[in-house]
Structure formats: structure tokens, C-alpha cells
file input.tsv (TSV, C-alpha atoms)
chain	number	residue	atom	x	y	z
H	1	MET	CA	-133.46	-14.41	-27.43
H	2	SER	CA	-136.14	-14.11	-30.03
H	3	LYS	CA	-139.68	-13.39	-29.01
H	4	ILE	CA	-141.35	-16.49	-27.61
H	5	GLU	CA	-144.64	-17.34	-29.29
H	6	PHE	CA	-147.35	-18.87	-27.16
H	7	ASP	CA	-148.87	-21.08	-29.84
H	8	LYS	CA	-145.54	-22.54	-30.92
H	9	LEU	CA	-144.68	-23.95	-27.52
H	10	GLU	CA	-146.05	-26.96	-25.76
H	11	VAL	CA	-146.01	-28.10	-22.18
H	12	GLY	CA	-142.96	-30.30	-21.66
H	13	GLN	CA	-140.82	-28.48	-24.20
H	14	GLU	CA	-137.27	-27.89	-22.98
H	15	LEU	CA	-135.14	-24.77	-23.19
H	16	PRO	CA	-131.67	-25.05	-24.74
H	17	PRO	CA	-129.51	-25.82	-21.66
H	18	LEU	CA	-126.71	-23.56	-20.49
H	19	LYS	CA	-123.49	-25.07	-19.17
H	20	THR	CA	-120.88	-23.11	-17.26
H	21	GLU	CA	-117.17	-23.69	-16.79
H	22	ALA	CA	-116.10	-24.75	-13.30
H	23	VAL	CA	-116.78	-21.90	-10.89
H	24	THR	CA	-113.50	-20.36	-9.68
H	25	HIS	CA	-112.55	-18.19	-6.71
H	26	ALA	CA	-111.75	-15.49	-9.25
H	27	ASN	CA	-115.33	-15.67	-10.58
H	28	LEU	CA	-116.64	-15.15	-7.06
H	29	VAL	CA	-114.30	-12.26	-6.25
H	30	ARG	CA	-115.36	-10.61	-9.48
H	31	TYR	CA	-119.02	-11.26	-8.78
H	32	ALA	CA	-118.61	-9.82	-5.26
H	33	GLY	CA	-117.23	-6.60	-6.72
H	34	ALA	CA	-119.85	-6.34	-9.43
H	35	SER	CA	-122.81	-7.14	-7.18
H	36	GLY	CA	-121.61	-5.47	-4.00
H	37	ASP	CA	-122.16	-8.64	-1.96
H	38	PHE	CA	-118.94	-8.83	0.04
H	39	ASN	CA	-120.13	-11.40	2.59
H	40	PRO	CA	-116.75	-13.03	3.40
H	41	ILE	CA	-118.18	-16.58	3.23
H	42	HIS	CA	-117.82	-16.09	-0.55
H	43	ASN	CA	-114.28	-14.72	-0.68
H	44	ASP	CA	-112.39	-15.59	2.51
H	45	PRO	CA	-111.76	-19.35	3.06
H	46	ASP	CA	-110.56	-18.87	6.67
H	47	PHE	CA	-113.66	-16.89	7.55
H	48	ALA	CA	-115.91	-19.44	5.83
H	49	ARG	CA	-114.31	-22.30	7.81
H	50	LYS	CA	-114.75	-20.41	11.06
H	51	THR	CA	-118.49	-20.31	10.43
H	52	GLY	CA	-118.58	-24.10	9.97
H	53	LEU	CA	-118.38	-24.36	6.16
H	54	ASP	CA	-115.72	-26.43	4.30
H	55	GLY	CA	-114.50	-23.33	2.51
H	56	THR	CA	-115.93	-20.53	0.41
H	57	ILE	CA	-119.23	-21.05	-1.38
H	58	ALA	CA	-120.63	-19.29	-4.44
H	59	HIS	CA	-123.12	-16.49	-4.00
H	60	GLY	CA	-126.61	-17.88	-4.50
H	61	MET	CA	-127.20	-14.90	-6.76
H	62	PHE	CA	-124.25	-15.92	-8.96
H	63	VAL	CA	-126.06	-19.24	-9.50
H	64	MET	CA	-129.38	-17.45	-10.10
H	65	ALA	CA	-127.61	-15.19	-12.61
H	66	GLN	CA	-126.58	-18.30	-14.59
H	67	ILE	CA	-130.23	-19.42	-14.66
H	68	GLY	CA	-131.03	-15.84	-15.71
H	69	ARG	CA	-128.71	-16.25	-18.70
H	70	LEU	CA	-130.55	-19.46	-19.62
H	71	CYS	CA	-133.79	-17.45	-19.58
H	72	THR	CA	-132.58	-14.45	-21.59
H	73	ASN	CA	-130.83	-16.71	-24.12
H	74	TRP	CA	-134.27	-18.18	-24.76
H	75	ALA	CA	-136.79	-15.35	-24.36
H	76	ASP	CA	-136.76	-11.65	-25.12
H	77	GLN	CA	-136.07	-10.04	-21.73
H	78	LYS	CA	-139.07	-7.73	-22.18
H	79	GLN	CA	-141.31	-10.80	-22.02
H	80	ILE	CA	-140.08	-11.87	-18.60
H	81	LYS	CA	-142.71	-11.09	-16.00
H	82	GLU	CA	-141.56	-13.13	-13.01
H	83	PHE	CA	-138.40	-14.98	-12.11
H	84	GLY	CA	-137.85	-16.64	-8.76
H	85	VAL	CA	-135.74	-19.41	-7.30
H	86	THR	CA	-135.27	-21.31	-4.06
H	87	PHE	CA	-131.68	-22.20	-3.17
H	88	LYS	CA	-131.35	-25.90	-2.36
H	89	ALA	CA	-127.65	-26.63	-1.97
H	90	MET	CA	-124.37	-24.74	-1.83
H	91	THR	CA	-122.24	-24.34	-4.95
H	92	LYS	CA	-118.52	-24.73	-4.32
H	93	PRO	CA	-115.55	-23.60	-6.39
H	94	GLY	CA	-114.61	-26.31	-8.88
H	95	GLN	CA	-118.20	-27.27	-9.63
H	96	LYS	CA	-119.74	-26.80	-13.06
H	97	LEU	CA	-123.37	-25.84	-13.43
H	98	THR	CA	-125.91	-26.93	-15.97
H	99	CYS	CA	-129.01	-24.76	-16.17
H	100	THR	CA	-132.15	-26.25	-17.65
H	101	GLY	CA	-135.77	-25.29	-18.14
H	102	LYS	CA	-139.00	-26.94	-19.18
H	103	VAL	CA	-142.39	-25.42	-20.03
H	104	LYS	CA	-144.66	-26.40	-17.17
H	105	ARG	CA	-147.95	-24.63	-17.88
H	106	LYS	CA	-149.67	-22.42	-20.42
H	107	LYS	CA	-152.37	-20.11	-19.15
H	108	GLU	CA	-154.32	-16.98	-19.93
H	109	GLU	CA	-154.73	-14.47	-17.13
H	110	ASN	CA	-156.17	-10.94	-17.34
H	111	GLY	CA	-155.92	-11.07	-21.11
H	112	GLU	CA	-152.27	-12.10	-21.04
H	113	LYS	CA	-150.94	-15.32	-22.50
H	114	LEU	CA	-148.44	-16.70	-20.01
H	115	LEU	CA	-145.94	-19.52	-20.09
H	116	VAL	CA	-144.75	-20.91	-16.78
H	117	VAL	CA	-141.33	-22.52	-17.08
H	118	ALA	CA	-139.64	-24.66	-14.42
H	119	VAL	CA	-135.95	-23.76	-14.24
H	120	GLU	CA	-133.03	-25.16	-12.28
H	121	ALA	CA	-129.26	-25.29	-11.94
H	122	ALA	CA	-127.50	-28.53	-11.03
H	123	ASP	CA	-123.87	-29.66	-10.80
H	124	ASP	CA	-122.29	-32.59	-12.67
H	125	SER	CA	-123.39	-35.05	-9.99
H	126	GLY	CA	-126.99	-33.93	-10.52
H	127	GLU	CA	-127.28	-32.11	-7.21
H	128	VAL	CA	-129.82	-29.32	-7.69
H	129	LYS	CA	-128.42	-26.00	-6.44
H	130	ALA	CA	-131.42	-23.82	-7.18
H	131	SER	CA	-134.80	-24.35	-8.76
H	132	GLY	CA	-137.69	-22.09	-9.48
H	133	GLU	CA	-140.00	-20.59	-12.04
H	134	LEU	CA	-139.90	-18.20	-14.91
H	135	VAL	CA	-143.10	-16.59	-16.17
H	136	VAL	CA	-143.03	-15.25	-19.72
H	137	VAL	CA	-145.71	-13.06	-21.30
H	138	CYS	CA	-146.36	-13.86	-24.94
L	1	MET	CA	-121.21	-12.94	23.55
L	2	ALA	CA	-124.96	-12.82	24.02
L	3	GLU	CA	-126.95	-15.24	21.89
L	4	LYS	CA	-128.39	-13.43	18.94
L	5	GLY	CA	-131.86	-14.09	17.72
L	6	ILE	CA	-134.72	-12.76	15.66
L	7	SER	CA	-138.39	-12.51	16.53
L	8	LYS	CA	-141.72	-12.11	14.79
L	9	ASP	CA	-141.88	-8.55	16.19
L	10	LEU	CA	-139.60	-7.57	13.28
L	11	ILE	CA	-142.42	-8.12	10.77
L	12	GLY	CA	-143.35	-4.72	9.38
L	13	THR	CA	-139.94	-3.14	10.06
L	14	LYS	CA	-139.18	-0.75	7.22
L	15	LEU	CA	-135.61	-0.16	6.11
L	16	ASP	CA	-134.41	3.28	4.96
L	17	ARG	CA	-135.39	4.62	1.57
L	18	TYR	CA	-132.40	5.09	-0.74
L	19	GLU	CA	-131.55	6.13	-4.27
L	20	PHE	CA	-129.19	4.48	-6.71
L	21	ASP	CA	-127.92	5.39	-10.17
L	22	VAL	CA	-128.12	2.43	-12.54
L	23	GLU	CA	-125.23	3.07	-14.93
L	24	ARG	CA	-124.39	1.46	-18.26
L	25	GLY	CA	-120.87	0.76	-17.00
L	26	LYS	CA	-122.23	-1.05	-13.95
L	27	ILE	CA	-124.53	-3.13	-16.15
L	28	ARG	CA	-121.51	-4.03	-18.31
L	29	GLU	CA	-119.40	-4.93	-15.25
L	30	PHE	CA	-122.18	-7.10	-13.83
L	31	CYS	CA	-122.72	-8.86	-17.16
L	32	GLN	CA	-119.00	-9.58	-17.45
L	33	ALA	CA	-119.01	-11.01	-13.93
L	34	ILE	CA	-121.85	-13.44	-14.70
L	35	GLY	CA	-120.51	-14.47	-18.12
L	36	GLU	CA	-123.23	-12.69	-20.11
L	37	THR	CA	-122.15	-11.80	-23.65
L	38	ASN	CA	-125.32	-10.69	-25.46
L	39	PRO	CA	-124.52	-7.31	-27.09
L	40	ILE	CA	-127.85	-5.78	-25.98
L	41	TYR	CA	-126.35	-5.47	-22.48
L	42	PHE	CA	-123.15	-3.79	-23.73
L	43	ASP	CA	-124.03	-1.71	-26.76
L	44	VAL	CA	-126.81	0.89	-26.92
L	45	GLU	CA	-127.17	0.51	-30.69
L	46	ALA	CA	-127.57	-3.27	-30.42
L	47	ALA	CA	-130.12	-2.76	-27.65
L	48	LYS	CA	-132.11	-0.27	-29.75
L	49	LYS	CA	-132.05	-2.62	-32.72
L	50	ALA	CA	-133.56	-5.30	-30.48
L	51	GLY	CA	-136.37	-2.96	-29.44
L	52	TYR	CA	-135.01	-1.56	-26.16
L	53	GLU	CA	-134.74	2.13	-25.23
L	54	ASP	CA	-131.22	1.68	-23.86
L	55	VAL	CA	-129.12	-1.22	-22.59
L	56	PRO	CA	-131.44	-3.12	-20.24
L	57	ALA	CA	-130.27	-4.40	-16.86
L	58	PRO	CA	-130.30	-8.22	-16.89
L	59	PRO	CA	-132.84	-10.12	-14.74
L	60	THR	CA	-130.74	-10.48	-11.58
L	61	PHE	CA	-129.21	-6.98	-11.71
L	62	PRO	CA	-131.54	-5.67	-8.97
L	63	THR	CA	-129.20	-7.37	-6.47
L	64	VAL	CA	-126.62	-4.70	-7.44
L	65	ILE	CA	-129.08	-1.95	-6.53
L	66	GLN	CA	-129.67	-3.58	-3.18
L	67	PHE	CA	-126.05	-4.25	-2.18
L	68	TRP	CA	-124.35	-1.18	-3.67
L	69	GLY	CA	-127.29	1.12	-2.99
L	70	TYR	CA	-127.90	-0.04	0.56
L	71	PRO	CA	-124.74	-1.47	2.14
L	72	LYS	CA	-126.28	-0.60	5.51
L	73	ILE	CA	-128.37	-3.80	5.21
L	74	TRP	CA	-125.64	-5.75	7.07
L	75	GLN	CA	-125.74	-3.33	10.02
L	76	ASP	CA	-129.54	-3.33	9.96
L	77	MET	CA	-129.61	-7.11	10.10
L	78	GLU	CA	-127.10	-7.15	12.98
L	79	ASN	CA	-129.34	-4.67	14.79
L	80	MET	CA	-132.32	-6.95	14.18
L	81	GLY	CA	-130.48	-9.79	15.93
L	82	VAL	CA	-129.24	-11.68	12.87
L	83	ASP	CA	-125.85	-13.42	13.12
L	84	ILE	CA	-124.75	-12.26	9.68
L	85	SER	CA	-121.84	-14.73	9.55
L	86	ARG	CA	-124.41	-17.54	9.46
L	87	ILE	CA	-126.80	-16.25	6.79
L	88	LEU	CA	-127.60	-18.31	3.73
L	89	HIS	CA	-129.76	-17.14	0.87
L	90	LEU	CA	-133.00	-19.12	0.74
L	91	LYS	CA	-135.16	-17.52	-1.96
L	92	GLU	CA	-135.12	-14.64	-4.40
L	93	LYS	CA	-138.06	-13.62	-6.56
L	94	TYR	CA	-138.46	-10.75	-8.98
L	95	THR	CA	-141.67	-9.41	-10.46
L	96	TYR	CA	-140.88	-7.14	-13.40
L	97	LEU	CA	-143.38	-4.42	-14.23
L	98	LYS	CA	-141.17	-2.38	-16.54
L	99	THR	CA	-137.77	-2.88	-18.12
L	100	LEU	CA	-134.98	-1.57	-15.89
L	101	TYR	CA	-132.79	0.90	-17.79
L	102	PRO	CA	-129.89	3.17	-16.79
L	103	GLY	CA	-131.12	6.04	-14.66
L	104	ARG	CA	-131.87	6.91	-11.05
L	105	VAL	CA	-134.04	4.53	-9.07
L	106	SER	CA	-135.38	4.76	-5.56
L	107	SER	CA	-135.94	1.80	-3.35
L	108	GLN	CA	-137.18	0.73	0.04
L	109	GLY	CA	-137.30	-2.64	1.73
L	110	GLU	CA	-139.49	-4.00	4.48
L	111	CYS	CA	-139.33	-7.14	6.59
L	112	VAL	CA	-142.53	-9.00	5.65
L	113	ASN	CA	-142.06	-12.34	7.35
L	114	VAL	CA	-140.06	-14.04	10.10
L	115	THR	CA	-140.10	-17.68	11.14
L	116	VAL	CA	-138.43	-18.81	14.34
L	117	GLY	CA	-137.90	-22.41	15.33
L	118	LYS	CA	-136.46	-25.34	13.45
L	119	MET	CA	-135.42	-22.91	10.77
L	120	ASP	CA	-135.00	-19.19	11.46
L	121	THR	CA	-135.87	-17.21	8.34
L	122	MET	CA	-136.55	-13.63	7.36
L	123	THR	CA	-138.23	-12.35	4.22
L	124	PHE	CA	-137.79	-8.84	2.86
L	125	LYS	CA	-139.89	-7.22	0.18
L	126	THR	CA	-138.38	-4.32	-1.76
L	127	THR	CA	-140.03	-2.04	-4.27
L	128	ILE	CA	-137.83	-0.32	-6.85
L	129	ARG	CA	-139.16	2.78	-8.65
L	130	ASN	CA	-137.78	4.74	-11.57
L	131	ALA	CA	-137.23	8.52	-11.64
L	132	LYS	CA	-140.88	9.03	-12.65
L	133	GLY	CA	-141.97	7.22	-9.51
L	134	GLU	CA	-143.30	4.22	-11.44
L	135	VAL	CA	-142.76	0.80	-9.87
L	136	VAL	CA	-140.25	-0.99	-12.09
L	137	LEU	CA	-139.97	-4.16	-10.09
L	138	GLU	CA	-140.61	-5.89	-6.82
L	139	VAL	CA	-138.13	-8.12	-5.06
L	140	GLU	CA	-138.81	-10.77	-2.46
L	141	MET	CA	-135.72	-12.09	-0.72
L	142	ALA	CA	-135.63	-14.71	2.01
L	143	ILE	CA	-132.62	-15.66	4.07
L	144	PHE	CA	-132.12	-18.33	6.62
L	145	ILE	CA	-129.80	-18.20	9.57
L	146	ARG	CA	-127.82	-21.41	10.07
L	147	LYS	CA	-127.74	-22.84	13.55
L	148	PRO	CA	-124.60	-24.58	14.85
L	149	GLY	CA	-124.27	-27.86	12.93
L	150	GLN	CA	-126.29	-26.62	9.95
call {"tool": "encode", "arguments": {"input": "input.tsv", "output": "C-alpha cells"}}
result
Amino acid sequence: MSKIEFDKLEVGQELPPLKTEAVTHANLVRYAGASGDFNPIHNDPDFARKTGLDGTIAHGMFVMAQIGRLCTNWADQKQIKEFGVTFKAMTKPGQKLTCTGKVKRKKEENGEKLLVVAVEAADDSGEVKASGELVVVC
Amino acid sequence: MAEKGISKDLIGTKLDRYEFDVERGKIREFCQAIGETNPIYFDVEAAKKAGYEDVPAPPTFPTVIQFWGYPKIWQDMENMGVDISRILHLKEKYTYLKTLYPGRVSSQGECVNVTVGKMDTMTFKTTIRNAKGEVVLEVEMAIFIRKPGQ
């Protein structure tokens, strides 16, 4: 997380990827407590099945937090101007995530030098769980 | 049980204003839960050395403010006709205007969009201010409500 320099980066450049261990129920219980999101589809398998799911699923925000770690491992957090994702598929316990990013655009706007980075999290089969954009001010 | 449902009339509905104390211990707990290990999030001295005023809250920490600061959101959504057992998170977007540090923040959300049809969705926009009243960040969150079979 050193300061990102505009002139040293090119479109297409990739961020160092971040890989997680397999997501466990314990991770999700802990995340529920830390975040305050106690929706039982994330911590109660019987409840989750009653709503038509196969079992519990990870909080989307747990997945976004992993992409967030990818971003702050790379850039100084003070440089982050925007960070957004769309959730594409459910993450289930037992799955490992790989978070990746690639510089998509360089632009100057209102006197600010901005880097737009495409980011995503996918499991080992390549299924994309969440993808979005990070905007960094240089 | 009556069929629940949402409508476009909900656009513009404001939720209650609330306050929340961002605490260093809560930042640490959240970082441990997401696997974050960078010392700037745990140690004030390390944070200062890296150019921060205090330990910063990591990028997705605002979700803590929303869930712990406003647990009434579930009841509000029920009241708006949302079957909360069938919600999935669709989108989350943060715009950071200032670094979020420990201290009191105030926040208020508003329903800014609803789609009804093939996919029922709701979008909320929340503004989070620091104790000086400055906007620290804006949050846009969209959910979708699964229909049977989805």
C-alpha cells in the first residue's frame, strides 16, 4: 500500500492478486458479528434452505471486503475515491476466492489524475462472484 | 399470508437519521473478521507513520455503521413490503470524500429507486457525516428480492 503514481501505471497493468482460504461457517459467523448483518441466510442452514437456497451463503459484503483488501494492499487508502461492485453469484462455504484487478482507464477530471481499475472476485472454477470498479486519485 | 410486494411509490422514502460511534476496537474487530492484517488498521502509531490521523476504517467498514447503527432497517423494509427472507445484495458503491476515522458519525438513508417486474429491486442512498457535519462518504446499496424459483 504505497502511494500509486499515475505516470508509472499503464492501462492493462494488473494488481497483485489476493487469494483467500476456503470460506468457512466460522468466518461468516464472525463477519456477522463484526458487521452487524445477522440475516439468517448467512448463519442458519435450516433457515437458508427454507427460503429455497442449498444452505448458507456468504455475505456479499464479506466478498466485497476481500476485494477491498486487494485494493488497500495495492493503493494507499487515502487515494481511494470510489469503490463499487455488483454481486453476480453466491459464494458458498468451502469456496476459495481469488481477487484480481486491472487498470482499465487513465483520465484527468477537474484537475485530478484518476485511475479506473476493474476489480473482481472469482472462485476456483472461475465463477465471478462480484465485479466492479475502483477509482484511485493520484 | 398476504403476498408482499414493493412499489415505485417508495421512491423518496427517507429512513430515520441516526448516530453511530466509530470505535478503534470495532475497526479492529471488523478487520480481523475480513482477514485484514495491515497494522495501520490496528495500531495508531503505525497509522500516523503512514500519514493518517488515527486508524482509518477500511473501505467496506461503512456497512458496520449501517447495520449496527440502524438495525431498524429490517423492520423498515418489512414495512415497505419487502420479504426480507428473500433479499439478496445486488450492488454496493462507496464514494469517499474524506477518510473515515474513529469518532461520532451521523447518517441517513433514502430509497432512491425501485424496479418492479422481472426483477424487483430497491436502491438506497445513504450519506454519512462526521461530527463537524462534513460529508465523509456516500453509499449506494441495491438489493433484489428473489421470487419463488430464483
call {"tool": "interface_residues", "arguments": {"input": "input.tsv", "of": "chain L", "to": "chain H", "cutoff": "9 Å", "atoms": "only C-alpha atoms", "output": "ChimeraX atom specification"}}
result
/L:26-27,29-36,38,50,52,56,58-61,63-69,71,84-86,88-99,140,142,148-150
call {"tool": "atom_distance", "arguments": {"input": "input.tsv", "atom1": "atom CA of Ile87 of chain L", "atom2": "atom CA of Pro62 of chain L"}}
result
19.6 Å
call {"tool": "axis_aligned_box", "arguments": {"input": "input.tsv", "around": "segment 39-48 of chain L", "padding_each_side": "4 Å", "output": "lines of an AutoDock Vina configuration file"}}
result
center_x = -127.6
center_y = -3.2
center_z = -26.6
size_x = 17.0
size_y = 16.2
size_z = 16.2
call {"tool": "residues_around", "arguments": {"input": "input.tsv", "residues": "Glu5 of chain H", "least_positions_apart": "6", "cutoff": "12 Å", "atoms": "all atoms listed in the file", "output": "list of chain:residue names"}}
result
H:Trp74, H:Ala75, H:Asp76, H:Gln79, H:Lys106, H:Lys113, H:Leu114, H:Leu115, H:Val136, H:Val137, H:Cys138
call {"tool": "closest_residue", "arguments": {"input": "input.tsv", "among": "L:Ile143, L:Tyr101, L:Asp21, L:Asp83", "to": "Ile40 of chain L", "atoms": "only C-alpha atoms"}}
result
L:Tyr101
call {"tool": "atom_distance", "arguments": {"input": "input.tsv", "atom1": "atom CA of Arg28 of chain L", "atom2": "atom CA of Asn130 of chain L"}}
result
19.7 Å
call {"tool": "residues_near_point", "arguments": {"input": "input.tsv", "point": "(-129.1, -15.1, 13.0)", "cutoff": "6 Å", "atoms": "all atoms listed in the file", "output": "JSON, numbers by chain"}}
result
{"L": [5, 82, 83, 145]}
